[in-house]
Amino acid sequence: MKNEHNNNNNGKPLIIPQPIRKDGAGGPDLGPRDVMRDLQNPDMLVPPVTDNGLLPNLRMSFSDTHMQLNHGGWSREITVRDLPIATTLAGVNMSLTPGGVRELHWHQQSEWAYMIWGTARITSVDQQGRNFIADVGPGDLWFFPKGLPHSIQGLADGCEFLLVFDDGSFSDLNTLSISDWFAHTPPEVLSVNFGVTESAFQSMPTEQVYIFQDQVPGSLASQEVQSPYGTVPLSFKHRLLAQKPIVTPGGSVRIVDSTNFPISTTVAAALVEIKPGGMRELHWHPNADEWQYYLTGQGRMTVFAGNGIARTFDYRAGDVGYVPVAMGHYIQNTGTDTLWFLEMFRSDRFEDISLNQWMALTPEELVRDNLNASPELLHALRKEKWPVV
């Protein structure tokens with residue numbers, strides 16, 4: 001890549017990348033252009049020579065989405081309207097202030113969540129009247145099956161989290177909310193339903209509240225509510241960071257699905273750590289599309305679609321990536337810091353197939369003759385799966 005230098009606001013030279021390969025292919029882009037965006041997408045400006053053909057866009061940043069601001073917090077979402085290829089899952093990035101409440105509500109889709117930072121209190125009730133109240137912190141998950149009512153409230157330091165829904169066309173702004181239902185039910189109906197006078201509803205909100213500011217709640221014990229039917233039999237909370245990871249020289253992986261988080265029947269996931277110089281190995285997922293969320297660092301992913309088609313994308317913290325089912329891919333750490341990201345699937349089980357392991361468990365002569373493979377490659381193949389290398 002050929003570069004030019006200008007000075008930025010700090011007086012340091014700003015490298016202006018040009019769409020020119022080392023072999024001389026391409027030519028200078030003299031503008032107009034978004035240089036900062038080009039700096040973030042070097043493998044789109046100068047694609048690897050192995051890229052070929054067309055693939056839909058497989059990257060979207062939460063920074064390019066609409067921010068919904070409320071007293072008590074904010075939210076933004078990535079759905080098929082923003083990333084059309086992502087038909088199986090949609091994501092919402094949300095933050096709540098200390099005491100901020102995502103109001104009592106429910107969805108037509110199941111909700112899977114990862115706490116990024118801070119702490120929150122979550123509540124729910126199932127169809128048999130069994131309740132659930134718990135506090136969640138960094139690295140914790142929760143899962144609410146579709147149709148079950150729930151709430152989220154920021155505790156002393158507030159919080160930020162990722163919500164994932166098992167429908168790419170979902171929108172969090174199209175939620176079934178308690179305030180919205182009250183506002184659109186005649187007072188005489190409410191009076192009969194709750195056995196109180198109509199005047200009891202005079203101060204109710206006239207529209208959906210969505211997120212509102214409240215006081216920081218007291219201790220978990222102080223808010224305990226005893227149900228005559230008991231608590232939910234399967235916990236809606238899972239401590240992902242407390243799981244023992246699969247550790248390899250290049251990083252680590254924690255896998256969570258219905259086998260170790262039984263309530264999570266429609267979303268499976270893996271939390272992946274890739275150290276500088278490491279790579280999520282060449283692999284694919286046979287059972288579902290992959291929806292990714294990048295937590296820290298930066299990386300690049302090439303997706304192989306078959307028939308000579310492959311395309312490379314660059315990702316940074318706050319970005320979402322997507323890989324259609326069974327397409328081969330890898331993710332490299334291209335930065336100097338550790339890359340952490342989530343890979344999620346609309347499935348009850350996490351499944352992946354390692355290219356390395358597949359080759360190692362296939363007759364050596366067949367692999368050799370298929371690829372004209374060298375003895376060095378054949379001897380290096382591993383029968384044990386290393387998710388990160």
# chains A, B, ... in the order shown; residues from 1 in each chain; ligands from 1
>>> select_by_dssp(residues="stretch 38-173 of chain A", states="strand (DSSP E)", output="MDAnalysis selection string")
chainID A and resid 59:61 68:70 73:78 90:96 101:106 111:125 131:136 140:144 150:165
>>> residues_around(residues="A:Val136", least_positions_apart="2", cutoff="8 Å", atoms="only C-alpha atoms", output="list in words")
Met115, Thr119, Ala120, Arg121, Ile122, Ala134, Pro138, Asp140, Leu141 and Lys237 of chain A
>>> write_last_selection(atoms="C-alpha atoms", output="PDB file, in the first residue's frame")
ATOM      1  CA  MET A 115     -23.087  -7.530  30.418  1.00  0.00           C
ATOM      2  CA  THR A 119     -24.080  -4.081  37.268  1.00  0.00           C
ATOM      3  CA  ALA A 120     -27.843  -4.392  36.903  1.00  0.00           C
ATOM      4  CA  ARG A 121     -30.832  -6.056  38.492  1.00  0.00           C
ATOM      5  CA  ILE A 122     -33.033  -8.198  36.283  1.00  0.00           C
ATOM      6  CA  ALA A 134     -31.037 -11.457  40.291  1.00  0.00           C
ATOM      7  CA  PRO A 138     -19.446  -7.907  33.896  1.00  0.00           C
ATOM      8  CA  ASP A 140     -22.650 -12.367  33.019  1.00  0.00           C
ATOM      9  CA  LEU A 141     -25.401 -13.482  30.645  1.00  0.00           C
ATOM     10  CA  LYS A 237     -28.623 -15.964  34.536  1.00  0.00           C
TER      11      LYS A 237
END
>>> closest_atom_pairs(of="stretch 247-366 of chain A", to="stretch 166-188 of chain A", cutoff="10 Å", atoms="only C-alpha atoms", output="JSON lines")
{"residue": "A:Thr266", "atom": "CA", "partner": "A:Asp166", "partner_atom": "CA", "distance": 6.8}
{"residue": "A:Val267", "atom": "CA", "partner": "A:Asp166", "partner_atom": "CA", "distance": 7.0}
{"residue": "A:Phe345", "atom": "CA", "partner": "A:Asp166", "partner_atom": "CA", "distance": 8.5}
{"residue": "A:Arg346", "atom": "CA", "partner": "A:Asp166", "partner_atom": "CA", "distance": 6.0}
{"residue": "A:Ser347", "atom": "CA", "partner": "A:Asp166", "partner_atom": "CA", "distance": 8.9}
>>> atom_distance(atom1="atom CA of A:Pro145", atom2="atom CA of A:Ala113")
11.7 Å
>>> residues_around(residues="A:Leu271", least_positions_apart="3", cutoff="8 Å", atoms="only C-alpha atoms", output="list in words")
Val253, Arg254, Ile255, Trp340, Phe341, Leu342 and Glu343 of chain A
>>> write_last_selection(atoms="all heavy atoms", output="mmCIF file, in the first residue's frame")
data_model
loop_
_atom_site.group_PDB
_atom_site.id
_atom_site.type_symbol
_atom_site.label_atom_id
_atom_site.label_comp_id
_atom_site.auth_asym_id
_atom_site.auth_seq_id
_atom_site.Cartn_x
_atom_site.Cartn_y
_atom_site.Cartn_z
ATOM 1 N N VAL A 253 -11.234 -19.666 24.566
ATOM 2 C CA VAL A 253 -12.629 -19.672 24.129
ATOM 3 C C VAL A 253 -13.492 -20.194 25.267
ATOM 4 O O VAL A 253 -13.145 -21.183 25.918
ATOM 5 C CB VAL A 253 -12.833 -20.549 22.877
ATOM 6 C CG1 VAL A 253 -14.313 -20.622 22.515
ATOM 7 C CG2 VAL A 253 -12.034 -20.024 21.702
ATOM 8 N N ARG A 254 -14.611 -19.534 25.508
ATOM 9 C CA ARG A 254 -15.641 -20.026 26.433
ATOM 10 C C ARG A 254 -16.919 -20.222 25.630
ATOM 11 O O ARG A 254 -17.414 -19.275 25.018
ATOM 12 C CB ARG A 254 -15.883 -19.033 27.574
ATOM 13 C CG ARG A 254 -14.718 -18.911 28.554
ATOM 14 C CD ARG A 254 -14.985 -17.770 29.526
ATOM 15 N NE ARG A 254 -14.010 -17.706 30.598
ATOM 16 C CZ ARG A 254 -12.828 -17.081 30.520
ATOM 17 N NH1 ARG A 254 -12.488 -16.478 29.384
ATOM 18 N NH2 ARG A 254 -12.002 -17.060 31.542
ATOM 19 N N ILE A 255 -17.452 -21.440 25.631
ATOM 20 C CA ILE A 255 -18.628 -21.778 24.842
ATOM 21 C C ILE A 255 -19.828 -21.916 25.770
ATOM 22 O O ILE A 255 -19.750 -22.550 26.820
ATOM 23 C CB ILE A 255 -18.391 -23.088 24.066
ATOM 24 C CG1 ILE A 255 -17.274 -22.882 23.022
ATOM 25 C CG2 ILE A 255 -19.676 -23.552 23.378
ATOM 26 C CD1 ILE A 255 -16.808 -24.169 22.375
ATOM 27 N N TRP A 340 -11.040 -9.317 21.830
ATOM 28 C CA TRP A 340 -12.131 -10.082 22.439
ATOM 29 C C TRP A 340 -13.381 -9.878 21.599
ATOM 30 O O TRP A 340 -13.715 -8.738 21.244
ATOM 31 C CB TRP A 340 -12.425 -9.611 23.862
ATOM 32 C CG TRP A 340 -11.412 -10.005 24.902
ATOM 33 C CD1 TRP A 340 -10.300 -9.310 25.269
ATOM 34 C CD2 TRP A 340 -11.436 -11.182 25.727
ATOM 35 N NE1 TRP A 340 -9.625 -9.977 26.264
ATOM 36 C CE2 TRP A 340 -10.295 -11.122 26.575
ATOM 37 C CE3 TRP A 340 -12.302 -12.267 25.840
ATOM 38 C CZ2 TRP A 340 -10.017 -12.112 27.510
ATOM 39 C CZ3 TRP A 340 -12.025 -13.262 26.778
ATOM 40 C CH2 TRP A 340 -10.898 -13.173 27.595
ATOM 41 N N PHE A 341 -14.069 -10.950 21.283
ATOM 42 C CA PHE A 341 -15.337 -10.807 20.574
ATOM 43 C C PHE A 341 -16.254 -11.964 20.922
ATOM 44 O O PHE A 341 -15.822 -13.021 21.404
ATOM 45 C CB PHE A 341 -15.121 -10.705 19.057
ATOM 46 C CG PHE A 341 -14.698 -11.983 18.395
ATOM 47 C CD1 PHE A 341 -15.621 -12.819 17.786
ATOM 48 C CD2 PHE A 341 -13.362 -12.357 18.355
ATOM 49 C CE1 PHE A 341 -15.244 -14.001 17.171
ATOM 50 C CE2 PHE A 341 -12.961 -13.525 17.740
ATOM 51 C CZ PHE A 341 -13.907 -14.355 17.146
ATOM 52 N N LEU A 342 -17.548 -11.748 20.684
ATOM 53 C CA LEU A 342 -18.575 -12.760 20.867
ATOM 54 C C LEU A 342 -19.012 -13.266 19.502
ATOM 55 O O LEU A 342 -19.199 -12.466 18.572
ATOM 56 C CB LEU A 342 -19.786 -12.180 21.593
ATOM 57 C CG LEU A 342 -19.621 -11.852 23.077
ATOM 58 C CD1 LEU A 342 -20.695 -10.857 23.506
ATOM 59 C CD2 LEU A 342 -19.714 -13.117 23.933
ATOM 60 N N GLU A 343 -19.175 -14.571 19.380
ATOM 61 C CA GLU A 343 -19.801 -15.132 18.192
ATOM 62 C C GLU A 343 -21.077 -15.835 18.653
ATOM 63 O O GLU A 343 -21.048 -16.635 19.585
ATOM 64 C CB GLU A 343 -18.872 -16.075 17.437
ATOM 65 C CG GLU A 343 -18.114 -17.098 18.249
ATOM 66 C CD GLU A 343 -17.107 -17.874 17.424
ATOM 67 O OE1 GLU A 343 -16.154 -17.257 16.906
ATOM 68 O OE2 GLU A 343 -17.258 -19.113 17.316
#
>>> select_by_dssp(residues="stretch 150-319 of chain A", states="alpha helix (DSSP H)", output="list in words")
Ile178, Ser179, Asp180, Trp181, Phe182, Ala183, Pro187, Glu188, Val189, Leu190, Ser191, Val192, Asn193 and Phe194 of chain A
>>> residues_around(residues="A:Phe313", least_positions_apart="3", cutoff="9 Å", atoms="only C-alpha atoms", output="list in words")
Asn41, Pro42, Asp43, Met44, Pro47, Asn57, Leu58, Arg59, Gly299, Arg300, Met301, Thr302, Val303 and Gly321 of chain A
>>> residues_around(residues="stretch 91-99 of chain A", least_positions_apart="3", cutoff="7 Å", atoms="only C-alpha atoms", output="list in words")
Gly72, Gly73, Trp74, Ser75, Arg76, Glu77, Ile78, Thr79, Gln153, Gly154, Leu155, Ala156, Asp157, Gly158, Cys159, Glu160, Phe161, Leu162, Leu163, Val164, Phe165, Gln213, Asp214, Gln215, Val216 and Pro217 of chain A
